[in-house]
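Have a look at the structure below, then the notes.
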Amino acid sequence: MPDAQGLIGPNPRNAWRADGATVVLARPHREPRPVTVEALPRTVVADLTATALIVVDMQNDFCSPDGWLASIGVDVTPARAPIPVLAGLLPPLRAAGVPVIWLNWGNRPDRANLPPGVLHVYDPDGTGAGIGAPLPGGRVLEQDSPSAAIVAGLETADGDLHVSKYRMSGFQDTELDSVLRNLRVDTLLFTGVNADQCVLATLMDAANLGYDVLMVEDGVATTSPAYCMDATLYNVRQCFGFTLTAEALKDALKEALT
């Protein structure tokens, strides 16, 4: 901005108002919209006006049968499980005014910001088969390539936000925290893959930064062994925040918005 109404800021949630010779620093007042949702280990009352949804790594390279993980022999069937769950959850959240943030791997073509430790995870033998390797759909997880695009079955919408990440945690070396602060949100709903890796790493950093964190159990998945998911859910509930189901959230949204 500024816009025709004299607002100065990155979005209407976080804006000053210019009025002649005066600039009003008070942000727009937003009435709380509490929503009560069944969660573990306790029922949660969240404020929809201060909540955002983060969708982690629902991309072709991780989730498509024609993507990178599938090409190296990983069964991506589990990673596809959140697709219908998210497809059903996104519309009511958007209708409730909850911002949707797509947090996806989107590497530089030259990989100049990726240290050896990050590259080694996906290329342990140094053969060049990991991040940035050529595939028929483009280079692995390269920003703006078909390989890194959002998987079929999920649709973005006007107003959704996109943040590229380059580590397991979406907060490292990215603008994610700045985007969330400018949205003036306190509570984050986490979905996507892999639950025990990128989703959990981002959730943990969010909790350490002071955000309230909730993991949507059936909106996350992993290609890791089942015990990894069990440990992830345990640790989220025990150490960082709460878990809930998509159905419980949709039911709570219906009740709050009627």
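In the structure tokens, chains take letters A, B, ... by order of appearance, with residues numbered from 1 within each chain and ligands from 1 in the order shown.
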Find the residues around Leu214 (chain A) up to 6 Å (only C-alpha atoms counted), leave out those fewer than 5 positions away in its own chain, and share them as number ranges by chain. A: 189, 241-243
Polymer residues at most 12 Å from Pro82 (chain A), only C-alpha atoms, same-chain spacing of 6 or more positions, as a PDB file with C-alpha atoms, in the first residue's frame:
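Full text of selection-v1.pdb as output:
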```pdb
ATOM      1  CA  VAL A  55       0.771 -26.425   4.166  1.00  0.00           C
ATOM      2  CA  VAL A  56       4.239 -27.964   4.021  1.00  0.00           C
ATOM      3  CA  ASP A  57       5.809 -29.586   0.935  1.00  0.00           C
ATOM      4  CA  MET A  58       2.701 -30.927  -0.796  1.00  0.00           C
ATOM      5  CA  GLN A  59       4.702 -30.978  -4.026  1.00  0.00           C
ATOM      6  CA  CYS A  63       3.844 -36.684  -3.406  1.00  0.00           C
ATOM      7  CA  VAL A  76       4.751 -42.091  -1.898  1.00  0.00           C
ATOM      8  CA  GLY A  88     -11.903 -30.593   2.008  1.00  0.00           C
ATOM      9  CA  LEU A  89     -10.365 -28.374   4.678  1.00  0.00           C
ATOM     10  CA  LEU A  90      -9.072 -25.466   2.613  1.00  0.00           C
ATOM     11  CA  VAL A 151       0.691 -31.750  -6.333  1.00  0.00           C
ATOM     12  CA  ALA A 152      -2.417 -32.355  -8.434  1.00  0.00           C
ATOM     13  CA  GLY A 153      -5.583 -32.492  -6.378  1.00  0.00           C
ATOM     14  CA  LEU A 154      -4.788 -29.332  -4.407  1.00  0.00           C
ATOM     15  CA  PHE A 190       0.253 -27.390  10.447  1.00  0.00           C
ATOM     16  CA  THR A 191      -0.395 -29.805   7.578  1.00  0.00           C
ATOM     17  CA  GLY A 192       1.699 -31.493   4.886  1.00  0.00           C
ATOM     18  CA  VAL A 193       4.681 -33.836   4.609  1.00  0.00           C
ATOM     19  CA  ASN A 194       6.782 -35.283   6.036  1.00  0.00           C
ATOM     20  CA  ALA A 195       5.197 -35.024   9.453  1.00  0.00           C
ATOM     21  CA  VAL A 216      -3.798 -31.588  11.947  1.00  0.00           C
ATOM     22  CA  GLU A 217      -3.279 -35.340  12.421  1.00  0.00           C
ATOM     23  CA  ASP A 218      -4.929 -36.539   9.219  1.00  0.00           C
ATOM     24  CA  GLY A 219      -3.658 -33.497   7.321  1.00  0.00           C
ATOM     25  CA  VAL A 220      -0.051 -34.656   7.762  1.00  0.00           C
ATOM     26  CA  ALA A 221       1.696 -37.826   6.642  1.00  0.00           C
ATOM     27  CA  THR A 222       5.116 -39.374   6.298  1.00  0.00           C
ATOM     28  CA  THR A 245      -8.365 -33.875  13.230  1.00  0.00           C
ATOM     29  CA  ALA A 246      -9.626 -32.144  10.124  1.00  0.00           C
TER      30      ALA A 246
END
```
One number please: CA of Pro99 (chain A) to CA of Leu69 (chain A), in Å, one decimal.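 These two atoms are separated by 29.2 Å.
Of the listed residues A:Glu38, A:Ala18, A:Met168, A:Thr43, the one whose atoms come nearest to Glu247 (chain A) is A:Glu38, with distances taken using only C-alpha atoms.
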Need the shell around Thr49 (chain A): protein/DNA/RNA residues with any atom at most 9 Å away, counting only C-alpha atoms. Skip same-chain ones fewer than 4 positions apart. Format as a PyMOL selection string? chain A and resi 30-34+96-98+184-185
Restricted to N, CA and C atoms, what would the selected residues look like written as a CSV table (one decimal), in the first residue's frame?
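Saved the output as selection03.csv:
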```csv
chain,number,residue,atom,x,y,z
A,30,ARG,N,-9.7,-5.7,15.2
A,30,ARG,CA,-10.3,-7.0,14.7
A,30,ARG,C,-11.0,-7.7,15.9
A,31,GLU,N,-12.3,-7.9,15.8
A,31,GLU,CA,-13.0,-8.6,16.8
A,31,GLU,C,-12.6,-10.0,16.9
A,32,PRO,N,-12.3,-10.6,18.0
A,32,PRO,CA,-11.9,-12.0,18.1
A,32,PRO,C,-13.1,-12.9,17.7
A,33,ARG,N,-12.7,-14.0,17.0
A,33,ARG,CA,-13.7,-14.9,16.6
A,33,ARG,C,-13.3,-16.3,17.2
A,34,PRO,N,-13.7,-16.5,18.4
A,34,PRO,CA,-13.3,-17.8,19.1
A,34,PRO,C,-14.0,-19.0,18.5
A,96,ALA,N,-13.6,-18.8,6.4
A,96,ALA,CA,-13.5,-18.2,7.7
A,96,ALA,C,-12.5,-17.1,7.8
A,97,GLY,N,-11.8,-16.8,6.7
A,97,GLY,CA,-10.8,-15.7,6.7
A,97,GLY,C,-9.4,-16.1,7.2
A,98,VAL,N,-9.2,-17.4,7.3
A,98,VAL,CA,-7.9,-17.9,7.8
A,98,VAL,C,-6.9,-17.9,6.6
A,184,ARG,N,-0.3,-10.7,11.5
A,184,ARG,CA,-0.7,-10.6,12.9
A,184,ARG,C,-1.4,-11.9,13.4
A,185,VAL,N,-0.8,-13.0,13.2
A,185,VAL,CA,-1.3,-14.2,13.7
A,185,VAL,C,-0.5,-14.8,14.8
```
Find, counting only C-alpha atoms, the residue in A:Gly20, A:Asp110, A:Tyr166, A:Glu155 that gets nearest to Pro91 (chain A).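 The answer is A:Glu155, which sits nearest to Pro91 (chain A).
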Out of region 2-82 of chain A, which residues get strand (DSSP E) from DSSP, as a count of residues only? 28
